[in-house]
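**Q** Input: one structure, supplied below.
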Amino acid sequence: MEIRVLRYFLEVAREGSVTHAAERLHISQPTLSKQLKDLEAELGKKLFIRSSFSVRLTDEGMLLRRRAEDILDMVDKTTDEFKALGEISGGDIHIGCAESDGIKHLARRVKVVQAQYPRIRVHLYSGDRSDLAERLEQGLLDFAVLVESNDLSKYNYLPLPGADTWGVILRKDHPLAEREVITPEDLMEIPLICPRQGLQKELSDWFQEKVDRLNIVATCNLAYNGGVLAREGLGCLLSFDSLVDTGPDSPLCFRPLMPALHSKLFFTWKKYAVFSPAAEVLLNEMKEHYSA
């Protein structure tokens, strides 16, 4: 399976048309069609459902698209790293970030690095803890900012200052908005919107035996989207403070949990990782300000 052919396959998948993909790739349509048929023959699976004017992916094609995107991300990242060897005038750094106001500490250090090396570019990938950990393991990320409930024993890491406070984001006209704090009993039977990973970790410990009585109507991996659901009255969102607009002009408010629940963030990287010059510069900057 050639890298070039995977790029052809992805272009067709994105365009939904062999003709349009061939134009973008600057090759003839018959050549592209043959490459796709050869790829299907090599894999022994049909990748496209073809019609007169378009193509769409089969289930096998969808699987290959996900794998091809990861493979090509790794190829491009490796190519960029080798181009940057021996010079630190520029380079790309790939960082996975959990949703948190604590990312500001990373941003401050990136700002310092870019002031010295303006051609260094940082690429942020947002996701939940399992997604970030998986991409870090695969080498698709140089670093990841992870919540403390992850198993950090297999990483090197630096703790970031402060901690995020868990609470409930709800409409200001909701009966619970009159409370200063929210207890586990307050949330029994209330429609809840939960982080996709949250109840597997610290929140399940916080609810303890009451977790089985929760009325979870939705889950999300981005607080902003969960906030939209809460704003529209679908339910109350369990989230960190400062991730959703709860200001004077917002219909939403934030109420902290009681007993209080906090989560720390850690700047992490794989043990024995080999970094590009650009990533090494950022790591040294982080180490100088945040001790392990």
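Note on naming: chains are A, B, ... as they come in the structure tokens, residues start from 1 per chain, ligands start from 1 in the order shown.
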Quick one: residues within 7 Å of segment 279-287 of chain A, only C-alpha atoms, excluding same-chain residues fewer than 2 positions away - as an MDAnalysis selection string?
**A** chainID A and resid 93 109:110 113 275:277 289:291
**Q** Produce a file of the selected residues containing all heavy atoms, as a PDB file, in the first residue's frame.
**A**
ATOM      1  N   ILE A  93       4.845  21.942  16.096  1.00  0.00           N
ATOM      2  CA  ILE A  93       4.649  21.232  17.359  1.00  0.00           C
ATOM      3  C   ILE A  93       3.180  20.851  17.460  1.00  0.00           C
ATOM      4  O   ILE A  93       2.302  21.704  17.311  1.00  0.00           O
ATOM      5  CB  ILE A  93       5.044  22.100  18.568  1.00  0.00           C
ATOM      6  CG1 ILE A  93       6.443  22.687  18.385  1.00  0.00           C
ATOM      7  CG2 ILE A  93       4.971  21.279  19.854  1.00  0.00           C
ATOM      8  CD1 ILE A  93       6.818  23.705  19.451  1.00  0.00           C
ATOM      9  N   ARG A 109       3.699  30.079  27.583  1.00  0.00           N
ATOM     10  CA  ARG A 109       5.022  29.562  27.248  1.00  0.00           C
ATOM     11  C   ARG A 109       5.217  29.486  25.728  1.00  0.00           C
ATOM     12  O   ARG A 109       6.309  29.715  25.226  1.00  0.00           O
ATOM     13  CB  ARG A 109       5.212  28.179  27.885  1.00  0.00           C
ATOM     14  CG  ARG A 109       4.973  28.155  29.389  1.00  0.00           C
ATOM     15  CD  ARG A 109       6.172  28.624  30.188  1.00  0.00           C
ATOM     16  NE  ARG A 109       6.656  29.959  29.980  1.00  0.00           N
ATOM     17  CZ  ARG A 109       6.167  31.058  30.586  1.00  0.00           C
ATOM     18  NH1 ARG A 109       5.156  30.966  31.430  1.00  0.00           N
ATOM     19  NH2 ARG A 109       6.685  32.244  30.355  1.00  0.00           N
ATOM     20  N   VAL A 110       4.158  29.147  25.002  1.00  0.00           N
ATOM     21  CA  VAL A 110       4.231  29.143  23.544  1.00  0.00           C
ATOM     22  C   VAL A 110       4.519  30.546  23.030  1.00  0.00           C
ATOM     23  O   VAL A 110       5.313  30.746  22.098  1.00  0.00           O
ATOM     24  CB  VAL A 110       2.922  28.606  22.935  1.00  0.00           C
ATOM     25  CG1 VAL A 110       2.886  28.846  21.423  1.00  0.00           C
ATOM     26  CG2 VAL A 110       2.766  27.112  23.221  1.00  0.00           C
ATOM     27  N   VAL A 113       8.181  31.229  23.346  1.00  0.00           N
ATOM     28  CA  VAL A 113       8.955  30.485  22.339  1.00  0.00           C
ATOM     29  C   VAL A 113       8.817  31.143  20.972  1.00  0.00           C
ATOM     30  O   VAL A 113       9.803  31.315  20.242  1.00  0.00           O
ATOM     31  CB  VAL A 113       8.482  29.017  22.295  1.00  0.00           C
ATOM     32  CG1 VAL A 113       9.032  28.312  21.064  1.00  0.00           C
ATOM     33  CG2 VAL A 113       8.914  28.286  23.562  1.00  0.00           C
ATOM     34  N   PHE A 275      12.362  14.227  20.178  1.00  0.00           N
ATOM     35  CA  PHE A 275      11.643  15.409  19.734  1.00  0.00           C
ATOM     36  C   PHE A 275      12.349  16.113  18.587  1.00  0.00           C
ATOM     37  O   PHE A 275      13.571  16.038  18.435  1.00  0.00           O
ATOM     38  CB  PHE A 275      11.482  16.402  20.890  1.00  0.00           C
ATOM     39  CG  PHE A 275      10.609  15.896  22.004  1.00  0.00           C
ATOM     40  CD1 PHE A 275      11.150  15.601  23.248  1.00  0.00           C
ATOM     41  CD2 PHE A 275       9.254  15.723  21.806  1.00  0.00           C
ATOM     42  CE1 PHE A 275      10.352  15.138  24.272  1.00  0.00           C
ATOM     43  CE2 PHE A 275       8.435  15.264  22.829  1.00  0.00           C
ATOM     44  CZ  PHE A 275       8.991  14.971  24.066  1.00  0.00           C
ATOM     45  N   SER A 276      11.561  16.830  17.803  1.00  0.00           N
ATOM     46  CA  SER A 276      12.116  17.748  16.815  1.00  0.00           C
ATOM     47  C   SER A 276      12.743  18.919  17.570  1.00  0.00           C
ATOM     48  O   SER A 276      12.441  19.149  18.754  1.00  0.00           O
ATOM     49  CB  SER A 276      11.011  18.257  15.896  1.00  0.00           C
ATOM     50  OG  SER A 276      10.110  19.083  16.623  1.00  0.00           O
ATOM     51  N   PRO A 277      13.628  19.692  16.922  1.00  0.00           N
ATOM     52  CA  PRO A 277      14.213  20.853  17.598  1.00  0.00           C
ATOM     53  C   PRO A 277      13.157  21.818  18.139  1.00  0.00           C
ATOM     54  O   PRO A 277      13.300  22.354  19.239  1.00  0.00           O
ATOM     55  CB  PRO A 277      15.060  21.497  16.504  1.00  0.00           C
ATOM     56  CG  PRO A 277      15.453  20.359  15.618  1.00  0.00           C
ATOM     57  CD  PRO A 277      14.255  19.456  15.603  1.00  0.00           C
ATOM     58  N   HIS A 289       9.663  26.527  33.872  1.00  0.00           N
ATOM     59  CA  HIS A 289       8.639  27.230  34.651  1.00  0.00           C
ATOM     60  C   HIS A 289       7.755  26.302  35.487  1.00  0.00           C
ATOM     61  O   HIS A 289       7.157  26.737  36.461  1.00  0.00           O
ATOM     62  CB  HIS A 289       7.750  28.049  33.717  1.00  0.00           C
ATOM     63  CG  HIS A 289       8.425  29.255  33.157  1.00  0.00           C
ATOM     64  ND1 HIS A 289       9.290  29.207  32.071  1.00  0.00           N
ATOM     65  CD2 HIS A 289       8.408  30.560  33.557  1.00  0.00           C
ATOM     66  CE1 HIS A 289       9.747  30.411  31.816  1.00  0.00           C
ATOM     67  NE2 HIS A 289       9.238  31.243  32.694  1.00  0.00           N
ATOM     68  N   TYR A 290       7.647  25.035  35.099  1.00  0.00           N
ATOM     69  CA  TYR A 290       6.759  24.123  35.820  1.00  0.00           C
ATOM     70  C   TYR A 290       7.544  22.878  36.207  1.00  0.00           C
ATOM     71  O   TYR A 290       7.809  22.014  35.372  1.00  0.00           O
ATOM     72  CB  TYR A 290       5.557  23.750  34.950  1.00  0.00           C
ATOM     73  CG  TYR A 290       4.860  24.951  34.364  1.00  0.00           C
ATOM     74  CD1 TYR A 290       4.728  25.108  32.988  1.00  0.00           C
ATOM     75  CD2 TYR A 290       4.353  25.960  35.186  1.00  0.00           C
ATOM     76  CE1 TYR A 290       4.110  26.213  32.444  1.00  0.00           C
ATOM     77  CE2 TYR A 290       3.717  27.088  34.644  1.00  0.00           C
ATOM     78  CZ  TYR A 290       3.604  27.209  33.281  1.00  0.00           C
ATOM     79  OH  TYR A 290       3.009  28.306  32.746  1.00  0.00           O
ATOM     80  N   SER A 291       7.899  22.777  37.440  1.00  0.00           N
ATOM     81  CA  SER A 291       8.720  21.655  37.909  1.00  0.00           C
ATOM     82  C   SER A 291       7.863  20.437  38.171  1.00  0.00           C
ATOM     83  O   SER A 291       6.693  20.541  38.555  1.00  0.00           O
ATOM     84  CB  SER A 291       9.473  22.056  39.191  1.00  0.00           C
ATOM     85  OG  SER A 291       8.555  22.434  40.206  1.00  0.00           O
TER      86      SER A 291
END
**Q** For Lys271 of chain A, find every residue with an atom within 7 Å (counting only C-alpha atoms), except residues of its own chain fewer than 4 positions away, and show them as a PyMOL selection string.
**A** chain A and resi 154-156
**Q** What is the atom CA of Val217 of chain A-atom CA of Ser239 of chain A distance in Å, reported with one decimal?
**A**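 Interatomic distance, atom CA of Val217 of chain A to atom CA of Ser239 of chain A: 14.9 Å.
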**Q** How would you write, as a PyMOL selection string, the set of residues in segment 35-248 of chain A that DSSP gives as helix (DSSP H, G or I)?
**A** chain A and resi 35-43+59-84+103-116+129-137+175-178+185-187+198-200+202-213+223-231
**Q** Can you list, as an NGL selection string, every protein, DNA or RNA residue that comes within 10 Å of Phe53 of chain A when you count only C-alpha atoms, leaving out same-chain residues fewer than 3 positions away?
**A** :A and (16-19 or 50)
**Q** Could the residues in this selection be written to a file with N, CA, C and O atoms, as a short mmCIF file (atom, residue, chain, number, x, y, z; two decimals), in the first residue's frame?
**A**
data_model
loop_
_atom_site.label_atom_id
_atom_site.label_comp_id
_atom_site.auth_asym_id
_atom_site.auth_seq_id
_atom_site.Cartn_x
_atom_site.Cartn_y
_atom_site.Cartn_z
N GLY A 16 -15.85 13.16 -3.10
CA GLY A 16 -17.04 12.41 -3.49
C GLY A 16 -17.17 12.26 -4.99
O GLY A 16 -18.24 11.96 -5.51
N SER A 17 -16.07 12.48 -5.69
CA SER A 17 -16.08 12.43 -7.16
C SER A 17 -14.68 12.11 -7.66
O SER A 17 -13.72 12.78 -7.27
N VAL A 18 -14.57 11.10 -8.54
CA VAL A 18 -13.27 10.77 -9.12
C VAL A 18 -12.83 11.89 -10.06
O VAL A 18 -11.65 12.26 -10.11
N THR A 19 -13.78 12.45 -10.78
CA THR A 19 -13.45 13.51 -11.73
C THR A 19 -12.86 14.73 -11.03
O THR A 19 -11.81 15.26 -11.41
N ARG A 50 -20.18 3.27 -6.43
CA ARG A 50 -20.09 4.20 -7.55
C ARG A 50 -21.44 4.41 -8.20
O ARG A 50 -22.22 3.47 -8.38
#
**Q** Which residues are near Ser242 of chain A? Cut-off 10 Å, only C-alpha atoms, ignore same chain within fewer than 4 positions. Put them as a PyMOL selection string.
**A** chain A and resi 99-102+164-165+223+246-247+254
**Q** Please produce a file of the residues just selected, as a PDB file, in the first residue's frame, where the atoms kept are N, CA, C and O atoms.
**A**
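Result saved to out00.pdb:
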ATOM      1  N   GLU A  99     -10.167  20.251  27.390  1.00  0.00           N
ATOM      2  CA  GLU A  99     -10.823  21.543  27.567  1.00  0.00           C
ATOM      3  C   GLU A  99     -10.584  22.038  28.988  1.00  0.00           C
ATOM      4  O   GLU A  99     -10.987  21.391  29.955  1.00  0.00           O
ATOM      5  N   SER A 100      -9.947  23.182  29.106  1.00  0.00           N
ATOM      6  CA  SER A 100      -9.641  23.721  30.428  1.00  0.00           C
ATOM      7  C   SER A 100      -9.128  25.140  30.311  1.00  0.00           C
ATOM      8  O   SER A 100      -8.405  25.476  29.361  1.00  0.00           O
ATOM      9  N   ASP A 101      -9.475  25.958  31.277  1.00  0.00           N
ATOM     10  CA  ASP A 101      -8.912  27.304  31.345  1.00  0.00           C
ATOM     11  C   ASP A 101      -7.418  27.241  31.634  1.00  0.00           C
ATOM     12  O   ASP A 101      -6.672  28.180  31.350  1.00  0.00           O
ATOM     13  N   GLY A 102      -6.950  26.102  32.170  1.00  0.00           N
ATOM     14  CA  GLY A 102      -5.537  25.934  32.481  1.00  0.00           C
ATOM     15  C   GLY A 102      -4.639  25.921  31.261  1.00  0.00           C
ATOM     16  O   GLY A 102      -3.414  26.037  31.390  1.00  0.00           O
ATOM     17  N   ASP A 164      -8.964  22.924  37.950  1.00  0.00           N
ATOM     18  CA  ASP A 164     -10.306  23.248  37.450  1.00  0.00           C
ATOM     19  C   ASP A 164     -11.345  22.835  38.474  1.00  0.00           C
ATOM     20  O   ASP A 164     -11.224  21.787  39.133  1.00  0.00           O
ATOM     21  N   THR A 165     -12.381  23.628  38.585  1.00  0.00           N
ATOM     22  CA  THR A 165     -13.469  23.360  39.518  1.00  0.00           C
ATOM     23  C   THR A 165     -14.667  22.787  38.780  1.00  0.00           C
ATOM     24  O   THR A 165     -15.151  23.363  37.806  1.00  0.00           O
ATOM     25  N   ALA A 223     -17.309  21.096  25.873  1.00  0.00           N
ATOM     26  CA  ALA A 223     -18.212  21.805  26.765  1.00  0.00           C
ATOM     27  C   ALA A 223     -19.042  22.848  26.028  1.00  0.00           C
ATOM     28  O   ALA A 223     -20.191  23.110  26.398  1.00  0.00           O
ATOM     29  N   THR A 246     -21.104  32.219  31.069  1.00  0.00           N
ATOM     30  CA  THR A 246     -22.158  32.342  32.081  1.00  0.00           C
ATOM     31  C   THR A 246     -22.207  33.782  32.609  1.00  0.00           C
ATOM     32  O   THR A 246     -22.573  34.021  33.754  1.00  0.00           O
ATOM     33  N   GLY A 247     -21.824  34.726  31.763  1.00  0.00           N
ATOM     34  CA  GLY A 247     -21.795  36.134  32.157  1.00  0.00           C
ATOM     35  C   GLY A 247     -23.176  36.747  32.280  1.00  0.00           C
ATOM     36  O   GLY A 247     -24.206  36.070  32.100  1.00  0.00           O
ATOM     37  N   PHE A 254     -23.267  29.162  36.506  1.00  0.00           N
ATOM     38  CA  PHE A 254     -22.440  28.051  36.996  1.00  0.00           C
ATOM     39  C   PHE A 254     -22.613  27.931  38.495  1.00  0.00           C
ATOM     40  O   PHE A 254     -22.558  28.928  39.226  1.00  0.00           O
TER      41      PHE A 254
END
**Q** May I have the residues within 10 Å of Trp206 of chain A as a list in words, using only C-alpha atoms and disregarding those fewer than 6 positions away in the same chain?
**A**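 In the requested form, the answer reads Thr183, Pro184, Leu199, Leu257, Met258, Pro259, Ala260 and Leu261 of chain A.
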**Q** Pick from A:Glu15, A:His94, A:Leu229, A:Glu185: nearest to Gln208 of chain A, with only C-alpha atoms counted?
**A** A:Glu185
**Q** Leu43 of chain A: which residues within 12 Å, counting only C-alpha atoms, same-chain residues fewer than 6 positions away excluded, as a JSON list (two decimals) with all heavy atoms, in the first residue's frame?
**A**
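See result05.json below for the written result:
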[["chain", "number", "residue", "atom", "x", "y", "z"],
["A", 1, "MET", "N", 0.86, -1.19, 0.00],
["A", 1, "MET", "CA", 0.00, 0.00, 0.00],
["A", 1, "MET", "C", 0.89, 1.24, 0.00],
["A", 1, "MET", "O", 1.63, 1.46, 0.96],
["A", 1, "MET", "CB", -0.91, 0.00, 1.24],
["A", 1, "MET", "CG", -1.98, 1.08, 1.20],
["A", 1, "MET", "SD", -2.92, 1.12, 2.75],
["A", 1, "MET", "CE", -3.44, -0.59, 2.89],
["A", 36, "LEU", "N", -7.41, 3.32, -7.80],
["A", 36, "LEU", "CA", -8.42, 2.95, -6.80],
["A", 36, "LEU", "C", -8.80, 1.47, -6.93],
["A", 36, "LEU", "O", -8.95, 0.76, -5.93],
["A", 36, "LEU", "CB", -9.65, 3.83, -6.94],
["A", 36, "LEU", "CG", -9.45, 5.32, -6.67],
["A", 36, "LEU", "CD1", -10.74, 6.09, -6.92],
["A", 36, "LEU", "CD2", -8.95, 5.56, -5.24],
["A", 37, "LYS", "N", -8.98, 1.00, -8.15],
["A", 37, "LYS", "CA", -9.31, -0.41, -8.35],
["A", 37, "LYS", "C", -8.18, -1.31, -7.90],
["A", 37, "LYS", "O", -8.40, -2.37, -7.31],
["A", 37, "LYS", "CB", -9.65, -0.65, -9.83],
["A", 37, "LYS", "CG", -10.97, -0.03, -10.25],
["A", 37, "LYS", "CD", -11.26, -0.28, -11.72],
["A", 37, "LYS", "CE", -12.58, 0.36, -12.13],
["A", 37, "LYS", "NZ", -12.87, 0.17, -13.58],
["A", 60, "GLU", "N", -16.12, -0.47, 4.70],
["A", 60, "GLU", "CA", -14.68, -0.73, 4.64],
["A", 60, "GLU", "C", -13.92, 0.53, 4.22],
["A", 60, "GLU", "O", -12.82, 0.80, 4.70],
["A", 60, "GLU", "CB", -14.40, -1.86, 3.67],
["A", 60, "GLU", "CG", -14.92, -3.24, 4.09],
["A", 60, "GLU", "CD", -16.40, -3.44, 3.81],
["A", 60, "GLU", "OE1", -17.03, -2.52, 3.23],
["A", 60, "GLU", "OE2", -16.92, -4.51, 4.14],
["A", 61, "GLY", "N", -14.53, 1.30, 3.32],
["A", 61, "GLY", "CA", -13.91, 2.55, 2.89],
["A", 61, "GLY", "C", -13.82, 3.55, 4.03],
["A", 61, "GLY", "O", -12.83, 4.28, 4.15],
["A", 64, "LEU", "N", -10.90, 2.55, 6.19],
["A", 64, "LEU", "CA", -9.63, 2.91, 5.57],
["A", 64, "LEU", "C", -9.41, 4.42, 5.63],
["A", 64, "LEU", "O", -8.28, 4.87, 5.82],
["A", 64, "LEU", "CB", -9.58, 2.44, 4.12],
["A", 64, "LEU", "CG", -8.28, 2.77, 3.38],
["A", 64, "LEU", "CD1", -7.09, 2.10, 4.06],
["A", 64, "LEU", "CD2", -8.36, 2.35, 1.91]]
**Q** One decimal, in Å: what's the spacing between atom CA of Asp173 of chain A and atom CA of Ser204 of chain A?
**A**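 Computing it gives 27.1 Å between the two atoms.
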